[in-house]
Amino acid sequence: MHQKPGPMTRNELPAGRLLPQEEVQSTLARQLHNGAGLAETLGNLQQWSESVGYYDHLAGRNTYLSFSSEEWNTDLRLQVNYARIGYTPPTGDRPACPLCAENIGTPGKEKLRVYQFELNQRVYFAHLTPFPLHPGHFVVNRWEHLPMHLSRGAFEDAATFVEKCPGWLAASNSDLLWAGASVLQHHHFQAFPNLRLPIQDATALNTTTINNTVTSMLKWPCPSLRLYGKTGEVVETAFRLLQQWKKPEPGKRTCNFLMESIPHGKACLHIILRHSDHRTHPDLLPIKSEGVGIIEMAGELILPPRPNMTPEENRDYFTSIGGDLIPRLIGQNSPPPHLATAFFQTINWN
Ligand SMILES: [Zn+2]
């Protein structure tokens with residue numbers, strides 16, 4: 001059901017030959033000018049990056065597990081993350097911000113190249129994450145060093161990005177520490193070609209129309225909404241709902257979101273409510289000590305392998321506990337039901 005945009009033109013980046021950033025940018029920009037879409041351009045960057053060994057540091061392939069769940073109407077998923085095993089970050093003088101463009105070509109990031117483009121007159125650049133969760137996993141960053149924010153423009157830019165890259169999914173973490181944030185100091189979102197996450201198949205419980213946007217409350221282990229409609233109206237509704245949710249406790253309440261483009265100028269947006277007081281409980285910290293982000297709240301956990309277990313033992317272990325663990329971890333990282341209920345009561349459900 002996903003569009004797989006195959007290369008329509010030849011990739012003009014020379015396979016296997018590392019080029020300076022300026023040349024990568026000018027080559028890709030020329031191809032885009034000559035009719036390649038943004039998705040094809042990023043696909044070319046990915047293909048070429050692989051050819052110059054951008055992923056050579058990856059320690060191993062992740063184990064992907066899936067758990068059929070009648071309760072949540074979808075398969076929940078879990079990745080055992082082997083990619084980072086034994087990885088030591090580069091030492092010495094590092095740029096202060098891990099996402100700023102000044103990282104390009106620095107020690108440990110010699111093969112990092114990016115593509116710069118505009119979304120709604122704001123300058124962005126996309127780079128491949130060195131530890132992809134799925135093939136073609138990009139991070140799309142503002143060129144300017146601006147803190148993470150969930151403004152109207154942030155929703156709008158994610159929507160424009162997926163409109164330019166049909167079939168892609170944009171996934172955003174939040175703007176608050178301990179509430180599904182990743183790198184707070186630099187505005188960014190993640191982008192994946194051909195990815196569908198479990199929450200996208202969650203059942204709608206209540207549905208109403210706000211500002212021409214079909215808005216549904218979802219049956220999911222954390223309070224979440226699905227918005228569907230004309231892109232501009234979805235963006236406006238999302239922004240207003242988020243302001244409404246944040247209002248009683250600014251600095252504690254926020255959201256994660258997933259944006260996908262629907263043909264004919266429409267968008268589908270999933271909003272997952274977050275609250276910085278509600279995070280992984282001590283019982284699960286030995287399994288997941290890092291913060292829990294958008295991909296995980298959307299139904300795909302990313303966990304480090306258990307130490308002292310072989311990959312086979314890890315597979316068996318997580319296969320046995322995954323079905324219960326996934327909704328429990330999502331639930332622990334959710335605002336409590338009474339806060340979500342009070343917020344949902346402010347929405348006039350049909
Ligand atoms: Zn930065």
# chains A, B, ... in the order shown; residues from 1 in each chain; ligands from 1
call {"tool": "select_by_dssp", "arguments": {"residues": "region 244-314 of chain A", "states": "alpha helix (DSSP H)", "output": "ChimeraX atom specification"}}
result
/A:244-246,294-297,311-314
call {"tool": "write_last_selection", "arguments": {"atoms": "C-alpha atoms", "output": "mmCIF file, in the first residue's frame"}}
result
data_model
loop_
_atom_site.group_PDB
_atom_site.id
_atom_site.type_symbol
_atom_site.label_atom_id
_atom_site.label_comp_id
_atom_site.auth_asym_id
_atom_site.auth_seq_id
_atom_site.Cartn_x
_atom_site.Cartn_y
_atom_site.Cartn_z
ATOM 1 C CA GLN A 244 -5.342 23.421 25.041
ATOM 2 C CA TRP A 245 -3.571 20.333 26.410
ATOM 3 C CA LYS A 246 -0.499 22.325 27.530
ATOM 4 C CA ILE A 294 7.765 8.757 19.498
ATOM 5 C CA ILE A 295 8.593 5.500 17.680
ATOM 6 C CA GLU A 296 8.132 3.589 20.928
ATOM 7 C CA MET A 297 4.918 5.355 21.956
ATOM 8 C CA PRO A 311 21.434 -13.040 20.377
ATOM 9 C CA GLU A 312 19.346 -16.258 20.380
ATOM 10 C CA GLU A 313 18.722 -16.000 24.125
ATOM 11 C CA ASN A 314 17.809 -12.335 23.691
#
call {"tool": "residues_near_ligand", "arguments": {"ligand": "ligand 1", "cutoff": "6 Å", "atoms": "only C-alpha atoms and all ligand atoms", "output": "PDB file with C-alpha atoms, in the first residue's frame"}}
result
ATOM      1  CA  CYS A  97      25.377  20.695  19.266  1.00  0.00           C
ATOM      2  CA  LEU A  99      22.674  18.238  15.103  1.00  0.00           C
ATOM      3  CA  CYS A 100      24.196  21.486  13.801  1.00  0.00           C
ATOM      4  CA  HIS A 145      20.406  26.340  15.652  1.00  0.00           C
ATOM      5  CA  HIS A 186      18.134  21.732  18.005  1.00  0.00           C
TER       6      HIS A 186
END
call {"tool": "select_by_dssp", "arguments": {"residues": "region 63-121 of chain A", "states": "strand (DSSP E)", "output": "list in words"}}
result
Thr63, Tyr64, Leu65, Ser66, Phe67, Ser68, Ser69, Thr74, Asp75, Leu76, Arg77, Leu78, Gln79, Val80, Tyr115, Gln116, Phe117, Glu118 and Leu119 of chain A
call {"tool": "closest_residue", "arguments": {"among": "A:Pro337, A:Gly323, A:Gly43, A:Pro90", "to": "Gly299 (chain A)", "atoms": "only C-alpha atoms"}}
result
A:Gly323
call {"tool": "residues_around", "arguments": {"residues": "region 52-63 of chain A", "least_positions_apart": "4", "cutoff": "7 Å", "atoms": "only C-alpha atoms", "output": "PyMOL selection string"}}
result
chain A and resi 15-18+48+79-85+111+130
call {"tool": "write_last_selection", "arguments": {"atoms": "N, CA and C atoms", "output": "CSV table (one decimal), in the first residue's frame"}}
result
chain,number,residue,atom,x,y,z
A,15,ALA,N,29.2,6.5,-7.1
A,15,ALA,CA,29.3,5.5,-6.1
A,15,ALA,C,30.7,5.2,-5.6
A,16,GLY,N,30.9,5.1,-4.3
A,16,GLY,CA,32.2,4.8,-3.7
A,16,GLY,C,33.2,5.9,-3.6
A,17,ARG,N,32.8,7.1,-4.1
A,17,ARG,CA,33.8,8.2,-4.1
A,17,ARG,C,33.3,9.3,-3.1
A,18,LEU,N,34.0,9.5,-2.0
A,18,LEU,CA,33.6,10.5,-1.1
A,18,LEU,C,33.8,11.9,-1.6
A,48,TRP,N,24.2,6.6,-2.2
A,48,TRP,CA,25.6,7.0,-2.3
A,48,TRP,C,26.3,6.9,-0.9
A,79,GLN,N,12.3,-3.9,18.8
A,79,GLN,CA,13.6,-4.0,18.1
A,79,GLN,C,14.6,-4.2,19.2
A,80,VAL,N,15.5,-5.3,19.1
A,80,VAL,CA,16.6,-5.4,20.0
A,80,VAL,C,17.8,-4.7,19.2
A,81,ASN,N,18.3,-3.7,19.9
A,81,ASN,CA,19.2,-2.8,19.1
A,81,ASN,C,20.7,-3.2,19.3
A,82,TYR,N,21.2,-3.9,18.3
A,82,TYR,CA,22.6,-4.3,18.3
A,82,TYR,C,23.5,-3.3,17.7
A,83,ALA,N,22.9,-2.3,17.0
A,83,ALA,CA,23.8,-1.4,16.1
A,83,ALA,C,24.8,-0.7,17.0
A,84,ARG,N,24.4,-0.3,18.2
A,84,ARG,CA,25.3,0.6,19.0
A,84,ARG,C,26.3,-0.2,19.9
A,85,ILE,N,26.2,-1.5,19.9
A,85,ILE,CA,27.1,-2.3,20.8
A,85,ILE,C,28.5,-2.0,20.6
A,111,LYS,N,32.2,10.9,7.0
A,111,LYS,CA,31.4,10.5,5.8
A,111,LYS,C,30.0,11.1,5.9
A,130,PRO,N,23.3,7.8,11.9
A,130,PRO,CA,24.3,6.8,11.9
A,130,PRO,C,23.8,5.5,12.4
call {"tool": "closest_residue", "arguments": {"among": "A:Ala202, A:Leu42, A:Ala36, A:Leu329", "to": "Val292 (chain A)", "atoms": "only C-alpha atoms"}}
result
A:Leu329
call {"tool": "residues_around", "arguments": {"residues": "Thr207 (chain A)", "least_positions_apart": "5", "cutoff": "8 Å", "atoms": "only C-alpha atoms", "output": "list of chain:residue names"}}
result
A:Val214, A:Thr215, A:Ser216, A:Met217, A:Trp349, A:Asn350
call {"tool": "write_last_selection", "arguments": {"atoms": "N, CA and C atoms", "output": "CSV table (one decimal), in the first residue's frame"}}
result
chain,number,residue,atom,x,y,z
A,214,VAL,N,-11.4,15.7,10.9
A,214,VAL,CA,-12.0,14.5,11.5
A,214,VAL,C,-11.0,14.1,12.6
A,215,THR,N,-11.5,14.2,13.9
A,215,THR,CA,-10.6,14.0,15.0
A,215,THR,C,-11.1,12.8,15.8
A,216,SER,N,-10.3,11.8,16.0
A,216,SER,CA,-10.7,10.6,16.8
A,216,SER,C,-9.8,10.4,18.0
A,217,MET,N,-10.4,9.9,19.0
A,217,MET,CA,-9.7,9.5,20.2
A,217,MET,C,-9.4,8.0,20.0
A,349,TRP,N,-17.3,15.7,21.6
A,349,TRP,CA,-17.4,14.5,20.8
A,349,TRP,C,-18.8,14.3,20.3
A,350,ASN,N,-19.0,13.8,19.1
A,350,ASN,CA,-20.3,13.5,18.6
A,350,ASN,C,-20.9,12.3,19.3
call {"tool": "closest_atom_pairs", "arguments": {"of": "region 117-184 of chain A", "to": "region 238-241 of chain A", "cutoff": "8 Å", "atoms": "only C-alpha atoms", "output": "CSV"}}
result
residue,atom,partner,partner_atom,distance
A:Leu150,CA,A:Phe239,CA,7.9
A:Ser151,CA,A:Phe239,CA,6.9
A:Arg152,CA,A:Phe239,CA,5.6
A:Phe155,CA,A:Phe239,CA,7.5
call {"tool": "write_last_selection", "arguments": {"atoms": "all heavy atoms", "output": "compact mmCIF listing (two decimals), in the first residue's frame"}}
result
# COMPACT_ATOMS: atom_id res chain seq x y z
N LEU A 150 7.17 23.02 19.19
CA LEU A 150 5.99 22.43 18.54
C LEU A 150 5.04 23.58 18.18
O LEU A 150 3.92 23.66 18.67
CB LEU A 150 5.33 21.41 19.46
CG LEU A 150 6.17 20.15 19.70
CD1 LEU A 150 5.57 19.28 20.79
CD2 LEU A 150 6.32 19.34 18.42
N SER A 151 5.53 24.45 17.33
CA SER A 151 4.74 25.59 16.89
C SER A 151 3.84 25.16 15.72
O SER A 151 3.96 24.05 15.20
CB SER A 151 5.68 26.69 16.41
OG SER A 151 6.43 26.19 15.31
N ARG A 152 3.00 26.09 15.30
CA ARG A 152 2.19 25.87 14.10
C ARG A 152 3.12 25.54 12.92
O ARG A 152 2.88 24.63 12.15
CB ARG A 152 1.42 27.15 13.82
CG ARG A 152 0.19 26.99 12.99
CD ARG A 152 -0.44 28.35 12.81
NE ARG A 152 -1.58 28.59 13.67
CZ ARG A 152 -1.63 29.49 14.65
NH1 ARG A 152 -0.58 30.24 14.91
NH2 ARG A 152 -2.72 29.66 15.36
N PHE A 155 4.44 21.87 12.83
CA PHE A 155 3.48 20.93 12.24
C PHE A 155 3.41 21.13 10.72
O PHE A 155 3.36 20.19 9.94
CB PHE A 155 2.08 21.13 12.84
CG PHE A 155 1.93 20.61 14.25
CD1 PHE A 155 1.80 21.49 15.31
CD2 PHE A 155 1.90 19.25 14.51
CE1 PHE A 155 1.64 21.02 16.62
CE2 PHE A 155 1.74 18.77 15.80
CZ PHE A 155 1.61 19.66 16.87
call {"tool": "residues_around", "arguments": {"residues": "Ile272 (chain A)", "least_positions_apart": "5", "cutoff": "12 Å", "atoms": "only C-alpha atoms", "output": "ChimeraX atom specification"}}
result
/A:171-174,179-180,199-200,217-227,238,241-242,245,253-259,293-299,330-331,333-335,340
call {"tool": "atom_distance", "arguments": {"atom1": "CA of Asn103 (chain A)", "atom2": "CA of Phe125 (chain A)"}}
result
12.4 Å
call {"tool": "residues_around", "arguments": {"residues": "Asp201 (chain A)", "least_positions_apart": "4", "cutoff": "9 Å", "atoms": "only C-alpha atoms", "output": "mmCIF file with N, CA and C atoms, in the first residue's frame"}}
result
data_model
loop_
_atom_site.group_PDB
_atom_site.id
_atom_site.type_symbol
_atom_site.label_atom_id
_atom_site.label_comp_id
_atom_site.auth_asym_id
_atom_site.auth_seq_id
_atom_site.Cartn_x
_atom_site.Cartn_y
_atom_site.Cartn_z
ATOM 1 N N TRP A 72 -5.178 -4.322 20.967
ATOM 2 C CA TRP A 72 -4.809 -3.049 20.344
ATOM 3 C C TRP A 72 -5.035 -3.068 18.834
ATOM 4 N N ASN A 73 -5.654 -4.125 18.341
ATOM 5 C CA ASN A 73 -6.070 -4.199 16.936
ATOM 6 C C ASN A 73 -4.907 -4.130 15.954
ATOM 7 N N THR A 74 -3.717 -4.523 16.369
ATOM 8 C CA THR A 74 -2.569 -4.396 15.485
ATOM 9 C C THR A 74 -1.425 -5.249 16.029
ATOM 10 N N ASP A 75 -0.364 -5.366 15.288
ATOM 11 C CA ASP A 75 0.831 -6.048 15.791
ATOM 12 C C ASP A 75 1.720 -5.015 16.477
ATOM 13 N N ARG A 196 5.280 2.202 8.404
ATOM 14 C CA ARG A 196 3.977 2.338 9.036
ATOM 15 C C ARG A 196 4.113 1.815 10.461
ATOM 16 N N LEU A 197 3.676 2.590 11.432
ATOM 17 C CA LEU A 197 3.824 2.192 12.833
ATOM 18 C C LEU A 197 2.489 1.701 13.383
#
call {"tool": "atom_distance", "arguments": {"atom1": "CA of Asn141 (chain A)", "atom2": "CA of Gln116 (chain A)"}}
result
9.3 Å
